[in-house]
Amino acid sequence: MSDTSILFQPTSLGSLELKNRLAVAPMTRVSATEDGCATQQMAEYYRRYAAGGFAFVIVEACYIDDQHAQGYHFQPGIINAAQAGAWKTVVDAVHAEGAKICMQLVHAGALVQGRNSGYVEGAIAPSAVEPKGEMLDFYRGEGGYPTPREITTDELIAVKDAFVSAAIHAQKTGFDAIEIHGANGYLLDQFWTAYTNQRTDQYGGSARNRIRLDEEILRAVIAGTQGTLPVGLRLSQSKVNDFEYQWVGGEQDAADIFPIIKDAGAAFVHITEHLATDEVFGSGHSLAALAKKYSSLPVIANGGLGDPATAVSVVAGGNADIVAQGKAALANQDWPNKVQSGKALEDFDFGMLGPIANLDNAEIFFANRG
């Protein structure tokens, strides 16, 4: 195995010190209670990542309001005292193993498959555009997505307020950082994506306008939490319902938006791609590298980095500061400890996500695999 010591150097996100450069990527596990509370099973699941050597554990996307934000049945939220209290058990478990934990906040927008209390009619989005693709069966979805209605100005204000309220709940619960989910086809990504955003107001048209909601939410969350913990933004090209999408403005989009994200006060940028090392836009750089180039912020890279040598190359090449593991972490909750000690890694198997990608089925899979 090649020298992996660079992955185990300490680093930081703003004022938050991390013992190494390895993070767990946020992965939806639809294993909360029906009313959106984290469970003891979830606490043990996240604890194992911390015990396995990951310095930074980013939890699955949590919905921010009880109106339109939730995307999946049995998705966790952090919108009230009960949900926040349930997450406290998870936070304490991760902290006890010496890792830091990050809350990821999301609004599903048009990509609504269901709510814990029943299917949501009338999803909202930047524009009334039917989403591409079909719902995800391993998250209990079936068929195409309904056409959403265009979000109103008052609802936009309410969405921003909900992000702030949820962030304050996370702050008080003891989370070490906040990540705003602006990727993978959900509401903020729908504003950023050219074909789902047909608005003609200050939130539509140019790259500057389409990234405006991300900027305003970053500023509001940072102000609402009084700058006491780092707040970052996750961005991508591909979506859960459209793997082929690419930013319409190419590298110029990156040059336009990453300085805005930095000026808004973001402590880090998290880039997720199918393969984080792929060159984009004919630029000679990966999207993570462009985020680094145009923002100069700490960058987390996620996507196809389970091979230790590949993970090393991303950090050693200056293209990212932290590597986030997704599928590799599902297969190896102790990925850092195995890599550091030179032990073999298990290959990811999609069988652990079926028929439903929840923790019950994952435990059955591992028990059967032995």
# chains A, B, ... in the order shown; residues from 1 in each chain; ligands from 1

call {"tool": "residues_around", "arguments": {"residues": "Gly182 (chain A)", "least_positions_apart": "6", "cutoff": "12 Å", "atoms": "only C-alpha atoms", "output": "PyMOL selection string"}}
result
chain A and resi 61+104-109+188-193+210-215+217-218+232-239+261+269-272

call {"tool": "closest_residue", "arguments": {"among": "A:Asn368, A:Asn332, A:Gln113, A:Thr28", "to": "Val59 (chain A)", "atoms": "only C-alpha atoms"}}
result
A:Thr28

call {"tool": "residues_around", "arguments": {"residues": "Glu44 (chain A)", "least_positions_apart": "5", "cutoff": "12 Å", "atoms": "only C-alpha atoms", "output": "mmCIF file with N, CA and C atoms, in the first residue's frame"}}
result
data_model
loop_
_atom_site.group_PDB
_atom_site.id
_atom_site.type_symbol
_atom_site.label_atom_id
_atom_site.label_comp_id
_atom_site.auth_asym_id
_atom_site.auth_seq_id
_atom_site.Cartn_x
_atom_site.Cartn_y
_atom_site.Cartn_z
ATOM 1 N N ALA A 38 -34.301 10.496 15.496
ATOM 2 C CA ALA A 38 -33.189 9.555 15.440
ATOM 3 C C ALA A 38 -33.383 8.476 16.502
ATOM 4 N N THR A 39 -32.820 7.303 16.263
ATOM 5 C CA THR A 39 -33.012 6.160 17.146
ATOM 6 C C THR A 39 -31.685 5.703 17.762
ATOM 7 N N TYR A 49 -18.608 4.625 13.019
ATOM 8 C CA TYR A 49 -17.726 5.402 12.143
ATOM 9 C C TYR A 49 -16.671 6.154 12.957
ATOM 10 N N ALA A 50 -17.108 6.747 14.044
ATOM 11 C CA ALA A 50 -16.165 7.479 14.893
ATOM 12 C C ALA A 50 -15.135 6.530 15.497
ATOM 13 N N ALA A 51 -15.601 5.378 15.977
ATOM 14 C CA ALA A 51 -14.684 4.392 16.538
ATOM 15 C C ALA A 51 -13.755 3.837 15.477
ATOM 16 N N TRP A 87 -31.408 13.431 18.527
ATOM 17 C CA TRP A 87 -30.074 13.563 17.937
ATOM 18 C C TRP A 87 -28.993 13.714 18.993
ATOM 19 N N THR A 89 -28.437 11.960 21.547
ATOM 20 C CA THR A 89 -27.875 10.637 21.814
ATOM 21 C C THR A 89 -26.818 10.282 20.768
ATOM 22 N N VAL A 90 -27.085 10.629 19.506
ATOM 23 C CA VAL A 90 -26.130 10.367 18.430
ATOM 24 C C VAL A 90 -24.878 11.225 18.616
ATOM 25 N N VAL A 91 -25.077 12.498 18.887
ATOM 26 C CA VAL A 91 -23.956 13.420 19.084
ATOM 27 C C VAL A 91 -23.048 12.929 20.201
ATOM 28 N N ASP A 92 -23.632 12.552 21.302
ATOM 29 C CA ASP A 92 -22.838 12.093 22.449
ATOM 30 C C ASP A 92 -22.060 10.821 22.117
ATOM 31 N N ALA A 93 -22.675 9.923 21.353
ATOM 32 C CA ALA A 93 -22.009 8.675 20.993
ATOM 33 C C ALA A 93 -20.794 8.929 20.110
ATOM 34 N N VAL A 94 -20.919 9.843 19.163
ATOM 35 C CA VAL A 94 -19.803 10.173 18.269
ATOM 36 C C VAL A 94 -18.702 10.893 19.031
ATOM 37 N N ALA A 96 -17.998 10.643 22.144
ATOM 38 C CA ALA A 96 -17.347 9.721 23.081
ATOM 39 C C ALA A 96 -16.224 8.932 22.413
ATOM 40 N N GLU A 97 -16.297 8.805 21.068
ATOM 41 C CA GLU A 97 -15.256 8.082 20.332
ATOM 42 C C GLU A 97 -14.210 9.024 19.750
ATOM 43 N N GLN A 333 -16.823 0.518 7.978
ATOM 44 C CA GLN A 333 -17.042 1.613 8.924
ATOM 45 C C GLN A 333 -15.760 1.983 9.666
ATOM 46 N N LEU A 359 -31.158 0.747 7.978
ATOM 47 C CA LEU A 359 -30.190 0.065 8.823
ATOM 48 C C LEU A 359 -30.608 -1.360 9.142
ATOM 49 N N GLU A 363 -28.020 -4.455 8.468
ATOM 50 C CA GLU A 363 -27.597 -5.398 9.507
ATOM 51 C C GLU A 363 -27.852 -6.841 9.078
#

call {"tool": "closest_residue", "arguments": {"among": "A:Lys88, A:Ala81, A:Val30, A:Val240", "to": "Ala110 (chain A)", "atoms": "only C-alpha atoms"}}
result
A:Val240

call {"tool": "atom_distance", "arguments": {"atom1": "CA of Arg140 (chain A)", "atom2": "CA of Thr33 (chain A)"}}
result
14.9 Å

call {"tool": "residues_around", "arguments": {"residues": "region 292-295 of chain A", "least_positions_apart": "3", "cutoff": "10 Å", "atoms": "only C-alpha atoms", "output": "compact mmCIF listing (two decimals) with N, CA and C atoms, in the first residue's frame"}}
result
# COMPACT_ATOMS: atom_id res chain seq x y z
N GLU A 251 -16.70 26.12 -16.48
CA GLU A 251 -15.78 26.68 -15.49
C GLU A 251 -16.17 28.10 -15.09
N ALA A 254 -18.17 28.12 -12.02
CA ALA A 254 -17.33 27.96 -10.84
C ALA A 254 -16.67 29.28 -10.46
N ALA A 255 -16.15 29.98 -11.46
CA ALA A 255 -15.51 31.27 -11.21
C ALA A 255 -16.49 32.29 -10.67
N ASP A 256 -17.75 32.19 -11.08
CA ASP A 256 -18.77 33.14 -10.64
C ASP A 256 -19.25 32.87 -9.22
N ILE A 257 -19.48 31.59 -8.89
CA ILE A 257 -20.21 31.31 -7.64
C ILE A 257 -19.34 31.04 -6.43
N PHE A 258 -18.15 30.46 -6.62
CA PHE A 258 -17.37 30.10 -5.43
C PHE A 258 -16.90 31.33 -4.64
N PRO A 259 -16.54 32.43 -5.29
CA PRO A 259 -16.24 33.63 -4.49
C PRO A 259 -17.45 34.14 -3.70
N ILE A 260 -18.65 34.00 -4.27
CA ILE A 260 -19.86 34.42 -3.55
C ILE A 260 -20.06 33.58 -2.31
N ILE A 261 -19.84 32.27 -2.45
CA ILE A 261 -19.98 31.37 -1.31
C ILE A 261 -18.97 31.72 -0.22
N LYS A 262 -17.75 32.02 -0.63
CA LYS A 262 -16.74 32.43 0.35
C LYS A 262 -17.15 33.73 1.04
N ASP A 263 -17.58 34.73 0.26
CA ASP A 263 -17.95 36.02 0.82
C ASP A 263 -19.16 35.91 1.74
N ALA A 266 -19.06 31.05 4.27
CA ALA A 266 -18.92 29.60 4.36
C ALA A 266 -17.55 29.22 4.90
N PHE A 268 -16.49 26.00 4.62
CA PHE A 268 -15.99 24.95 3.74
C PHE A 268 -16.97 24.72 2.61
N VAL A 269 -16.48 24.07 1.55
CA VAL A 269 -17.31 23.63 0.43
C VAL A 269 -17.15 22.12 0.33
N HIS A 285 -9.19 20.33 -14.56
CA HIS A 285 -9.37 20.23 -13.11
C HIS A 285 -10.65 19.48 -12.78
N SER A 286 -10.68 18.88 -11.61
CA SER A 286 -11.92 18.33 -11.08
C SER A 286 -12.78 19.47 -10.54
N LEU A 287 -14.05 19.18 -10.27
CA LEU A 287 -14.90 20.21 -9.70
C LEU A 287 -14.42 20.61 -8.30
N ALA A 288 -13.92 19.63 -7.54
CA ALA A 288 -13.37 19.96 -6.22
C ALA A 288 -12.17 20.89 -6.36
N ALA A 289 -11.32 20.64 -7.35
CA ALA A 289 -10.16 21.50 -7.57
C ALA A 289 -10.58 22.91 -7.97
N PRO A 298 -11.40 25.58 2.63
CA PRO A 298 -11.23 24.13 2.76
C PRO A 298 -12.29 23.42 1.93
N VAL A 299 -11.88 22.39 1.21
CA VAL A 299 -12.78 21.64 0.33
C VAL A 299 -12.82 20.18 0.77
N ILE A 300 -14.04 19.67 0.88
CA ILE A 300 -14.27 18.24 1.09
C ILE A 300 -14.63 17.65 -0.26
N GLY A 318 -3.46 18.85 -3.84
CA GLY A 318 -4.02 20.14 -3.48
C GLY A 318 -5.42 20.38 -3.99
N ASN A 319 -6.09 19.30 -4.42
CA ASN A 319 -7.44 19.45 -4.97
C ASN A 319 -8.53 19.43 -3.91
N ALA A 320 -8.22 18.96 -2.74
CA ALA A 320 -9.16 18.95 -1.62
C ALA A 320 -8.38 18.82 -0.33
N ASP A 321 -9.01 19.19 0.75
CA ASP A 321 -8.38 19.12 2.06
C ASP A 321 -8.83 17.90 2.86

call {"tool": "closest_residue", "arguments": {"among": "A:Gly205, A:Gly185, A:Pro336, A:Gly317", "to": "Asn241 (chain A)", "atoms": "only C-alpha atoms"}}
result
A:Gly185

call {"tool": "closest_residue", "arguments": {"among": "A:Pro308, A:Gly71, A:Gly326, A:Pro76", "to": "Leu345 (chain A)", "atoms": "only C-alpha atoms"}}
result
A:Pro308

call {"tool": "closest_residue", "arguments": {"among": "A:Glu17, A:Glu60, A:Glu273, A:Asp360", "to": "Asn184 (chain A)", "atoms": "only C-alpha atoms"}}
result
A:Glu273

call {"tool": "atom_distance", "arguments": {"atom1": "CA of Asn361 (chain A)", "atom2": "CA of Ala328 (chain A)"}}
result
17.4 Å

call {"tool": "select_by_dssp", "arguments": {"residues": "region 165-275 of chain A", "states": "alpha helix (DSSP H)", "output": "ChimeraX atom specification"}}
result
/A:165-173,187-192,207-210,212-224,251-263

call {"tool": "write_last_selection", "arguments": {"atoms": "C-alpha atoms", "output": "PDB file, in the first residue's frame"}}
result
ATOM      1  CA  SER A 165     -34.344  27.444  13.113  1.00  0.00           C
ATOM      2  CA  ALA A 166     -33.100  23.932  12.321  1.00  0.00           C
ATOM      3  CA  ALA A 167     -29.481  25.093  12.535  1.00  0.00           C
ATOM      4  CA  ILE A 168     -30.090  26.594  15.960  1.00  0.00           C
ATOM      5  CA  HIS A 169     -31.603  23.285  17.111  1.00  0.00           C
ATOM      6  CA  ALA A 170     -28.460  21.528  15.846  1.00  0.00           C
ATOM      7  CA  GLN A 171     -26.194  24.042  17.538  1.00  0.00           C
ATOM      8  CA  LYS A 172     -27.957  23.626  20.881  1.00  0.00           C
ATOM      9  CA  THR A 173     -27.878  19.849  20.500  1.00  0.00           C
ATOM     10  CA  LEU A 187     -34.490  22.476  -3.506  1.00  0.00           C
ATOM     11  CA  LEU A 188     -31.319  24.590  -3.422  1.00  0.00           C
ATOM     12  CA  ASP A 189     -29.878  22.600  -6.314  1.00  0.00           C
ATOM     13  CA  GLN A 190     -33.154  23.101  -8.188  1.00  0.00           C
ATOM     14  CA  PHE A 191     -32.568  26.861  -7.937  1.00  0.00           C
ATOM     15  CA  TRP A 192     -28.980  26.433  -9.157  1.00  0.00           C
ATOM     16  CA  ALA A 207     -25.425  32.140 -12.244  1.00  0.00           C
ATOM     17  CA  ARG A 208     -25.317  35.022  -9.773  1.00  0.00           C
ATOM     18  CA  ASN A 209     -29.084  34.929  -9.387  1.00  0.00           C
ATOM     19  CA  ARG A 210     -29.442  31.161  -9.276  1.00  0.00           C
ATOM     20  CA  ARG A 212     -28.525  33.701  -4.491  1.00  0.00           C
ATOM     21  CA  LEU A 213     -30.714  31.462  -2.291  1.00  0.00           C
ATOM     22  CA  ASP A 214     -27.678  29.430  -1.193  1.00  0.00           C
ATOM     23  CA  GLU A 215     -25.882  32.667  -0.363  1.00  0.00           C
ATOM     24  CA  GLU A 216     -28.791  34.093   1.614  1.00  0.00           C
ATOM     25  CA  ILE A 217     -29.267  30.875   3.581  1.00  0.00           C
ATOM     26  CA  LEU A 218     -25.558  30.686   4.396  1.00  0.00           C
ATOM     27  CA  ARG A 219     -25.581  34.251   5.688  1.00  0.00           C
ATOM     28  CA  ALA A 220     -28.788  33.708   7.671  1.00  0.00           C
ATOM     29  CA  VAL A 221     -27.620  30.461   9.281  1.00  0.00           C
ATOM     30  CA  ILE A 222     -24.241  31.930  10.219  1.00  0.00           C
ATOM     31  CA  ALA A 223     -25.958  34.954  11.763  1.00  0.00           C
ATOM     32  CA  GLY A 224     -28.554  32.790  13.507  1.00  0.00           C
ATOM     33  CA  GLU A 251     -15.779  26.681 -15.489  1.00  0.00           C
ATOM     34  CA  GLN A 252     -17.207  30.194 -15.651  1.00  0.00           C
ATOM     35  CA  ASP A 253     -19.989  29.057 -13.308  1.00  0.00           C
ATOM     36  CA  ALA A 254     -17.330  27.957 -10.835  1.00  0.00           C
ATOM     37  CA  ALA A 255     -15.506  31.269 -11.205  1.00  0.00           C
ATOM     38  CA  ASP A 256     -18.769  33.138 -10.641  1.00  0.00           C
ATOM     39  CA  ILE A 257     -20.209  31.313  -7.640  1.00  0.00           C
ATOM     40  CA  PHE A 258     -17.375  30.104  -5.428  1.00  0.00           C
ATOM     41  CA  PRO A 259     -16.238  33.626  -4.492  1.00  0.00           C
ATOM     42  CA  ILE A 260     -19.864  34.423  -3.553  1.00  0.00           C
ATOM     43  CA  ILE A 261     -19.981  31.368  -1.313  1.00  0.00           C
ATOM     44  CA  LYS A 262     -16.743  32.432   0.353  1.00  0.00           C
ATOM     45  CA  ASP A 263     -17.947  36.021   0.822  1.00  0.00           C
TER      46      ASP A 263
END

call {"tool": "atom_distance", "arguments": {"atom1": "CA of Cys102 (chain A)", "atom2": "CA of Ile356 (chain A)"}}
result
24.6 Å

call {"tool": "closest_residue", "arguments": {"among": "A:Gln9, A:Thr147, A:Thr228, A:Gln325", "to": "Ala25 (chain A)", "atoms": "only C-alpha atoms"}}
result
A:Gln325

call {"tool": "residues_around", "arguments": {"residues": "Gln198 (chain A)", "least_positions_apart": "4", "cutoff": "9 Å", "atoms": "only C-alpha atoms", "output": "ChimeraX atom specification"}}
result
/A:126-129,191,194,204-205

call {"tool": "write_last_selection", "arguments": {"atoms": "C-alpha atoms", "output": "PDB file, in the first residue's frame"}}
result
ATOM      1  CA  PRO A 126     -38.312  27.308  -8.074  1.00  0.00           C
ATOM      2  CA  SER A 127     -40.509  26.656 -11.121  1.00  0.00           C
ATOM      3  CA  ALA A 128     -43.337  24.330 -12.084  1.00  0.00           C
ATOM      4  CA  VAL A 129     -41.103  21.853 -13.906  1.00  0.00           C
ATOM      5  CA  PHE A 191     -32.568  26.861  -7.937  1.00  0.00           C
ATOM      6  CA  ALA A 194     -30.741  25.884 -15.261  1.00  0.00           C
ATOM      7  CA  GLY A 204     -33.430  33.136 -11.820  1.00  0.00           C
ATOM      8  CA  GLY A 205     -31.410  33.574 -14.969  1.00  0.00           C
TER       9      GLY A 205
END

call {"tool": "residues_around", "arguments": {"residues": "Phe56 (chain A)", "least_positions_apart": "4", "cutoff": "9 Å", "atoms": "only C-alpha atoms", "output": "PyMOL selection string"}}
result
chain A and resi 18-25+50+99-102+324
